[in-house]
Amino acid sequence: MEKIVIATGNKHKVEEYKAFFEDAEVLSLKDIGFTADIEETGETFFDNAFIKAKAVSDFLAEFGDDAAVIADDSGLCIEALDGEPGVRSARYASDHNKELNRKAVLEKMKGKKNRKAYFICVLVKLYPNGEYISAEGRTYGTILTKVAKNADQAFAYDSIFKSDDLGKPFSESTIEEKNSVSHRIRAMKRLLEIEEEMKSI
Ligand code: IMP
């Protein structure tokens with residue numbers, strides 16, 4: 001059975017990956033005893049995902065562990081703001097303060113007619129021999145003019161993003177609904193497709 005370490009401290013993400021890669025042994029950073037903070041200093045989603053994957057892969061190599069590592073980086077890109085908040089989504093106005101970050105976006109979007117936006121997720125799977133594959137997933141929608149319901153319980157920008165696929169804000173959708181169209185799930189599906197394509201070469 002393939003062993004995959006997910007390079008994230010987010011418990012919910014690890015559960016998502018476990019459910020998706022059901023044929024693999026999926027481990028978290030906690031499972032492997034990785035406690036260091038990884039600084040996301042990249043200028044692109046790919047750079048940040050790669051930085052995270054490499055840090056964890058180097059850690060595993062020290063113990064001769066031959067697990068593959070999957071890392072992701074994601075964010076919200078808004079057409080009228082030239083792709084902002086983009087790679088800075090988590091720290092747009094204030095580090096991991098979803099209320100202030102949402103407020104900053106709504107403020108900058110005041111009066112803008114073009115409200116098109118998408119969430120993007122870039123995945124990197126780094127193998128123990130140093131080779132890697134990368135996949136991207138997107139989900140499209142529009143930025144609302146005010147915060148929707150369930151903002152307190154919802155993840156970051158979910159309460160200001162109305163999904164084109166679901167016809168409602170992500171914060172007013174069930175987890176199953178969101179997972180059926182999410183950028184992360186689409187990136188995971190693409191990653192599996194790429195792996196299958198590689199096997200057939
Ligand atoms: P990371 O990939 O976990 O570093 O996520 C970066 C940031 O992008 C998060 O902190 C959120 O601000 C934003 N983000 C990524 N995916 C979502 C989503 O599905 N809903 C709302 N915000 C998201």
# chains A, B, ... in the order shown; residues from 1 in each chain; ligands from 1
$ select_by_dssp --residues "chain A" --states "strand (DSSP E)" --output "ChimeraX atom specification"
/A:3-6,25-27,68-78,116-126,132-143,161-163
$ select_by_dssp --residues "region 21-144 of chain A" --states "alpha helix (DSSP H)" --output "PyMOL selection string"
chain A and resi 29-32+45-62+98-108
$ write_last_selection --atoms "N, CA and C atoms" --output "compact mmCIF listing (two decimals), in the first residue's frame"
# COMPACT_ATOMS: atom_id res chain seq x y z
N LEU A 29 1.11 15.37 9.41
CA LEU A 29 2.40 15.82 9.95
C LEU A 29 2.56 15.37 11.39
N LYS A 30 1.43 15.36 12.10
CA LYS A 30 1.45 14.92 13.50
C LYS A 30 1.88 13.45 13.56
N ASP A 31 1.34 12.64 12.65
CA ASP A 31 1.67 11.20 12.62
C ASP A 31 3.17 10.96 12.47
N ILE A 32 3.84 11.83 11.69
CA ILE A 32 5.28 11.59 11.46
C ILE A 32 6.16 12.41 12.41
N PHE A 45 1.34 29.91 -6.24
CA PHE A 45 0.74 28.80 -5.48
C PHE A 45 1.63 27.56 -5.60
N PHE A 46 2.17 27.34 -6.83
CA PHE A 46 3.05 26.18 -7.02
C PHE A 46 4.28 26.28 -6.11
N ASP A 47 4.92 27.46 -6.11
CA ASP A 47 6.13 27.64 -5.28
C ASP A 47 5.84 27.27 -3.82
N ASN A 48 4.74 27.79 -3.30
CA ASN A 48 4.42 27.53 -1.89
C ASN A 48 4.13 26.06 -1.63
N ALA A 49 3.40 25.42 -2.55
CA ALA A 49 3.11 23.99 -2.38
C ALA A 49 4.41 23.20 -2.42
N PHE A 50 5.31 23.58 -3.35
CA PHE A 50 6.57 22.85 -3.48
C PHE A 50 7.45 23.03 -2.24
N ILE A 51 7.50 24.27 -1.72
CA ILE A 51 8.30 24.55 -0.51
C ILE A 51 7.84 23.63 0.63
N LYS A 52 6.51 23.51 0.79
CA LYS A 52 5.96 22.67 1.88
C LYS A 52 6.30 21.19 1.65
N ALA A 53 6.10 20.74 0.41
CA ALA A 53 6.37 19.32 0.11
C ALA A 53 7.84 18.99 0.33
N LYS A 54 8.72 19.90 -0.09
CA LYS A 54 10.17 19.64 0.00
C LYS A 54 10.62 19.58 1.47
N ALA A 55 10.09 20.50 2.28
CA ALA A 55 10.50 20.54 3.69
C ALA A 55 10.14 19.21 4.37
N VAL A 56 8.96 18.70 4.06
CA VAL A 56 8.51 17.45 4.71
C VAL A 56 9.26 16.25 4.13
N SER A 57 9.52 16.29 2.82
CA SER A 57 10.24 15.20 2.18
C SER A 57 11.67 15.11 2.72
N ASP A 58 12.32 16.26 2.90
CA ASP A 58 13.69 16.29 3.47
C ASP A 58 13.69 15.71 4.88
N PHE A 59 12.65 16.04 5.64
CA PHE A 59 12.52 15.53 7.01
C PHE A 59 12.41 13.99 6.98
N LEU A 60 11.58 13.47 6.07
CA LEU A 60 11.40 12.01 5.98
C LEU A 60 12.71 11.32 5.58
N ALA A 61 13.44 11.97 4.66
CA ALA A 61 14.68 11.38 4.15
C ALA A 61 15.69 11.16 5.28
N GLU A 62 15.67 12.06 6.28
CA GLU A 62 16.60 11.91 7.41
C GLU A 62 16.42 10.58 8.13
N LYS A 98 -10.08 35.98 9.37
CA LYS A 98 -10.99 35.89 8.22
C LYS A 98 -11.93 37.09 8.13
N GLU A 99 -12.30 37.65 9.28
CA GLU A 99 -13.23 38.78 9.27
C GLU A 99 -12.58 40.01 8.60
N LEU A 100 -11.36 40.31 9.02
CA LEU A 100 -10.66 41.48 8.45
C LEU A 100 -10.32 41.26 6.97
N ASN A 101 -9.96 40.02 6.63
CA ASN A 101 -9.62 39.73 5.24
C ASN A 101 -10.84 39.87 4.33
N ARG A 102 -11.98 39.35 4.81
CA ARG A 102 -13.24 39.47 4.06
C ARG A 102 -13.63 40.93 3.88
N LYS A 103 -13.51 41.68 4.96
CA LYS A 103 -13.87 43.10 4.96
C LYS A 103 -13.02 43.86 3.92
N ALA A 104 -11.74 43.55 3.89
CA ALA A 104 -10.83 44.21 2.94
C ALA A 104 -11.25 43.93 1.51
N VAL A 105 -11.65 42.69 1.24
CA VAL A 105 -12.08 42.34 -0.12
C VAL A 105 -13.36 43.09 -0.47
N LEU A 106 -14.35 43.07 0.43
CA LEU A 106 -15.62 43.76 0.14
C LEU A 106 -15.40 45.25 -0.08
N GLU A 107 -14.51 45.83 0.69
CA GLU A 107 -14.20 47.26 0.57
C GLU A 107 -13.61 47.55 -0.82
N LYS A 108 -12.63 46.73 -1.23
CA LYS A 108 -11.98 46.95 -2.53
C LYS A 108 -12.93 46.67 -3.69
$ closest_atom_pairs --of "chain A" --to "ligand 1" --cutoff "7 Å" --atoms "only C-alpha atoms and all ligand atoms" --output "JSON lines"
{"residue": "A:Asp72", "atom": "CA", "partner": "ligand 1", "partner_atom_place_in_ligand_line": "2 (O)", "distance": 5.9}
{"residue": "A:Asp73", "atom": "CA", "partner": "ligand 1", "partner_atom_place_in_ligand_line": "2 (O)", "distance": 3.7}
{"residue": "A:Ser74", "atom": "CA", "partner": "ligand 1", "partner_atom_place_in_ligand_line": "2 (O)", "distance": 3.7}
{"residue": "A:Gly75", "atom": "CA", "partner": "ligand 1", "partner_atom_place_in_ligand_line": "8 (O)", "distance": 3.5}
{"residue": "A:Leu76", "atom": "CA", "partner": "ligand 1", "partner_atom_place_in_ligand_line": "13 (C)", "distance": 5.9}
{"residue": "A:Ser89", "atom": "CA", "partner": "ligand 1", "partner_atom_place_in_ligand_line": "12 (O)", "distance": 4.6}
{"residue": "A:Ala90", "atom": "CA", "partner": "ligand 1", "partner_atom_place_in_ligand_line": "10 (O)", "distance": 3.7}
{"residue": "A:His96", "atom": "CA", "partner": "ligand 1", "partner_atom_place_in_ligand_line": "10 (O)", "distance": 6.1}
{"residue": "A:Lys98", "atom": "CA", "partner": "ligand 1", "partner_atom_place_in_ligand_line": "12 (O)", "distance": 6.7}
{"residue": "A:Phe119", "atom": "CA", "partner": "ligand 1", "partner_atom_place_in_ligand_line": "16 (N)", "distance": 6.3}
{"residue": "A:Phe155", "atom": "CA", "partner": "ligand 1", "partner_atom_place_in_ligand_line": "21 (C)", "distance": 4.9}
{"residue": "A:Ala156", "atom": "CA", "partner": "ligand 1", "partner_atom_place_in_ligand_line": "22 (N)", "distance": 4.3}
{"residue": "A:Tyr157", "atom": "CA", "partner": "ligand 1", "partner_atom_place_in_ligand_line": "21 (C)", "distance": 4.0}
{"residue": "A:Asp158", "atom": "CA", "partner": "ligand 1", "partner_atom_place_in_ligand_line": "21 (C)", "distance": 4.4}
{"residue": "A:Ser182", "atom": "CA", "partner": "ligand 1", "partner_atom_place_in_ligand_line": "19 (O)", "distance": 6.8}
$ write_last_selection --atoms "N, CA and C atoms" --output "short mmCIF file (atom, residue, chain, number, x, y, z; two decimals), in the first residue's frame"
data_model
loop_
_atom_site.label_atom_id
_atom_site.label_comp_id
_atom_site.auth_asym_id
_atom_site.auth_seq_id
_atom_site.Cartn_x
_atom_site.Cartn_y
_atom_site.Cartn_z
N ASP A 72 -0.44 21.25 -0.61
CA ASP A 72 -1.29 22.11 -1.45
C ASP A 72 -1.14 23.57 -1.04
N ASP A 73 -1.48 24.43 -1.97
CA ASP A 73 -1.61 25.84 -1.64
C ASP A 73 -2.83 26.34 -2.38
N SER A 74 -3.61 27.17 -1.71
CA SER A 74 -4.86 27.60 -2.33
C SER A 74 -5.14 29.06 -2.02
N GLY A 75 -6.12 29.61 -2.71
CA GLY A 75 -6.48 31.00 -2.48
C GLY A 75 -7.62 31.46 -3.36
N LEU A 76 -8.00 32.71 -3.16
CA LEU A 76 -9.10 33.31 -3.90
C LEU A 76 -8.52 34.34 -4.88
N SER A 89 -3.94 35.24 0.19
CA SER A 89 -5.31 35.08 0.69
C SER A 89 -5.39 34.94 2.21
N ALA A 90 -4.48 34.17 2.79
CA ALA A 90 -4.55 33.91 4.23
C ALA A 90 -4.16 35.12 5.06
N HIS A 96 -4.43 35.34 8.92
CA HIS A 96 -5.46 34.36 9.29
C HIS A 96 -6.65 34.97 10.06
N LYS A 98 -10.08 35.98 9.37
CA LYS A 98 -10.99 35.89 8.22
C LYS A 98 -11.93 37.09 8.13
N PHE A 119 -11.72 30.21 -6.79
CA PHE A 119 -10.79 29.62 -5.83
C PHE A 119 -9.90 28.70 -6.62
N PHE A 155 -15.48 28.67 6.42
CA PHE A 155 -14.04 28.82 6.17
C PHE A 155 -13.79 30.15 5.44
N ALA A 156 -12.88 30.95 5.95
CA ALA A 156 -12.38 32.19 5.34
C ALA A 156 -13.37 32.95 4.44
N TYR A 157 -13.14 32.87 3.12
CA TYR A 157 -13.92 33.69 2.17
C TYR A 157 -15.22 33.02 1.72
N ASP A 158 -15.60 31.90 2.30
CA ASP A 158 -16.80 31.17 1.84
C ASP A 158 -18.08 31.99 1.91
N SER A 182 -15.48 21.63 -5.29
CA SER A 182 -14.40 22.47 -4.76
C SER A 182 -13.11 22.39 -5.58
#
$ residues_around --residues "region 138-150 of chain A" --least-positions-apart "4" --cutoff "9 Å" --atoms "only C-alpha atoms" --output "NGL selection string"
:A and (78 or 102-103 or 105-106 or 109-110 or 114-122 or 154 or 158-165 or 167 or 169 or 171-172 or 181-184 or 186-187)
$ write_last_selection --atoms "N, CA and C atoms" --output "mmCIF file, in the first residue's frame"
data_model
loop_
_atom_site.group_PDB
_atom_site.id
_atom_site.type_symbol
_atom_site.label_atom_id
_atom_site.label_comp_id
_atom_site.auth_asym_id
_atom_site.auth_seq_id
_atom_site.Cartn_x
_atom_site.Cartn_y
_atom_site.Cartn_z
ATOM 1 N N ILE A 78 -9.537 37.303 -7.711
ATOM 2 C CA ILE A 78 -10.655 38.130 -8.170
ATOM 3 C C ILE A 78 -10.231 38.911 -9.412
ATOM 4 N N ARG A 102 -11.977 39.355 4.812
ATOM 5 C CA ARG A 102 -13.242 39.467 4.060
ATOM 6 C C ARG A 102 -13.630 40.927 3.877
ATOM 7 N N LYS A 103 -13.510 41.682 4.959
ATOM 8 C CA LYS A 103 -13.867 43.103 4.956
ATOM 9 C C LYS A 103 -13.020 43.856 3.918
ATOM 10 N N VAL A 105 -11.646 42.690 1.240
ATOM 11 C CA VAL A 105 -12.081 42.335 -0.117
ATOM 12 C C VAL A 105 -13.362 43.090 -0.473
ATOM 13 N N LEU A 106 -14.345 43.075 0.429
ATOM 14 C CA LEU A 106 -15.623 43.756 0.143
ATOM 15 C C LEU A 106 -15.403 45.253 -0.077
ATOM 16 N N MET A 109 -13.967 45.856 -3.449
ATOM 17 C CA MET A 109 -14.903 45.485 -4.515
ATOM 18 C C MET A 109 -16.093 46.437 -4.602
ATOM 19 N N LYS A 110 -16.127 47.431 -3.708
ATOM 20 C CA LYS A 110 -17.247 48.397 -3.705
ATOM 21 C C LYS A 110 -17.357 49.067 -5.068
ATOM 22 N N ASN A 114 -17.699 44.070 -12.454
ATOM 23 C CA ASN A 114 -17.181 42.726 -12.711
ATOM 24 C C ASN A 114 -16.860 42.060 -11.374
ATOM 25 N N ARG A 115 -17.639 41.055 -11.001
ATOM 26 C CA ARG A 115 -17.460 40.422 -9.684
ATOM 27 C C ARG A 115 -16.970 38.978 -9.810
ATOM 28 N N LYS A 116 -16.464 38.644 -11.020
ATOM 29 C CA LYS A 116 -16.016 37.259 -11.267
ATOM 30 C C LYS A 116 -14.773 36.903 -10.440
ATOM 31 N N ALA A 117 -14.785 35.685 -9.906
ATOM 32 C CA ALA A 117 -13.660 35.228 -9.085
ATOM 33 C C ALA A 117 -13.568 33.708 -9.137
ATOM 34 N N TYR A 118 -12.444 33.186 -8.693
ATOM 35 C CA TYR A 118 -12.351 31.727 -8.556
ATOM 36 C C TYR A 118 -11.440 31.369 -7.382
ATOM 37 N N PHE A 119 -11.723 30.214 -6.791
ATOM 38 C CA PHE A 119 -10.795 29.624 -5.832
ATOM 39 C C PHE A 119 -9.896 28.696 -6.621
ATOM 40 N N ILE A 120 -8.624 28.682 -6.264
ATOM 41 C CA ILE A 120 -7.681 27.795 -6.944
ATOM 42 C C ILE A 120 -6.928 26.967 -5.913
ATOM 43 N N CYS A 121 -6.614 25.736 -6.286
ATOM 44 C CA CYS A 121 -5.782 24.883 -5.432
ATOM 45 C C CYS A 121 -4.705 24.265 -6.313
ATOM 46 N N VAL A 122 -3.457 24.402 -5.913
ATOM 47 C CA VAL A 122 -2.361 23.763 -6.633
ATOM 48 C C VAL A 122 -1.753 22.702 -5.718
ATOM 49 N N ALA A 154 -18.189 29.376 8.766
ATOM 50 C CA ALA A 154 -17.615 29.032 7.449
ATOM 51 C C ALA A 154 -16.126 29.341 7.360
ATOM 52 N N ASP A 158 -15.599 31.904 2.302
ATOM 53 C CA ASP A 158 -16.795 31.168 1.838
ATOM 54 C C ASP A 158 -18.079 31.989 1.909
ATOM 55 N N SER A 159 -18.136 32.954 2.828
ATOM 56 C CA SER A 159 -19.388 33.715 2.992
ATOM 57 C C SER A 159 -19.476 34.932 2.064
ATOM 58 N N ILE A 160 -18.455 35.173 1.245
ATOM 59 C CA ILE A 160 -18.581 36.278 0.270
ATOM 60 C C ILE A 160 -18.442 35.741 -1.160
ATOM 61 N N PHE A 161 -18.483 34.400 -1.312
ATOM 62 C CA PHE A 161 -18.298 33.774 -2.621
ATOM 63 C C PHE A 161 -19.533 32.974 -3.001
ATOM 64 N N LYS A 162 -20.192 33.414 -4.091
ATOM 65 C CA LYS A 162 -21.352 32.649 -4.579
ATOM 66 C C LYS A 162 -20.877 31.731 -5.698
ATOM 67 N N SER A 163 -21.045 30.430 -5.491
ATOM 68 C CA SER A 163 -20.562 29.440 -6.444
ATOM 69 C C SER A 163 -21.441 29.404 -7.694
ATOM 70 N N ASP A 164 -20.816 29.437 -8.890
ATOM 71 C CA ASP A 164 -21.571 29.289 -10.148
ATOM 72 C C ASP A 164 -22.222 27.918 -10.205
ATOM 73 N N ASP A 165 -21.496 26.876 -9.764
ATOM 74 C CA ASP A 165 -22.009 25.502 -9.856
ATOM 75 C C ASP A 165 -23.202 25.279 -8.942
ATOM 76 N N GLY A 167 -25.007 27.807 -7.316
ATOM 77 C CA GLY A 167 -25.993 28.890 -7.357
ATOM 78 C C GLY A 167 -26.264 29.505 -5.994
ATOM 79 N N PRO A 169 -24.037 30.881 -1.992
ATOM 80 C CA PRO A 169 -22.726 31.053 -1.337
ATOM 81 C C PRO A 169 -22.213 29.720 -0.773
ATOM 82 N N SER A 171 -20.853 29.350 1.999
ATOM 83 C CA SER A 171 -21.185 29.290 3.431
ATOM 84 C C SER A 171 -22.619 28.806 3.666
ATOM 85 N N GLU A 172 -23.438 28.831 2.610
ATOM 86 C CA GLU A 172 -24.821 28.351 2.760
ATOM 87 C C GLU A 172 -24.996 26.978 2.101
ATOM 88 N N VAL A 181 -17.804 20.274 -5.789
ATOM 89 C CA VAL A 181 -17.344 21.229 -6.818
ATOM 90 C C VAL A 181 -16.072 21.975 -6.422
ATOM 91 N N SER A 182 -15.479 21.631 -5.286
ATOM 92 C CA SER A 182 -14.400 22.473 -4.760
ATOM 93 C C SER A 182 -13.107 22.392 -5.577
ATOM 94 N N HIS A 183 -12.357 23.471 -5.498
ATOM 95 C CA HIS A 183 -11.054 23.562 -6.169
ATOM 96 C C HIS A 183 -10.122 22.448 -5.697
ATOM 97 N N ARG A 184 -10.171 22.139 -4.383
ATOM 98 C CA ARG A 184 -9.271 21.122 -3.842
ATOM 99 C C ARG A 184 -9.594 19.734 -4.412
ATOM 100 N N ARG A 186 -11.173 19.085 -7.168
ATOM 101 C CA ARG A 186 -10.842 19.064 -8.603
ATOM 102 C C ARG A 186 -9.344 18.881 -8.821
ATOM 103 N N ALA A 187 -8.532 19.486 -7.959
ATOM 104 C CA ALA A 187 -7.079 19.313 -8.074
ATOM 105 C C ALA A 187 -6.694 17.867 -7.749
#
$ atom_distance --atom1 "CA of Ile4 (chain A)" --atom2 "CA of Lys178 (chain A)"
24.3 Å
$ closest_residue --among "A:Lys3, A:Lys13, A:Arg88, A:Lys18" --to "Thr44 (chain A)" --atoms "only C-alpha atoms"
A:Arg88
$ atom_distance --atom1 "CA of Phe20 (chain A)" --atom2 "CA of Tyr132 (chain A)"
19.3 Å
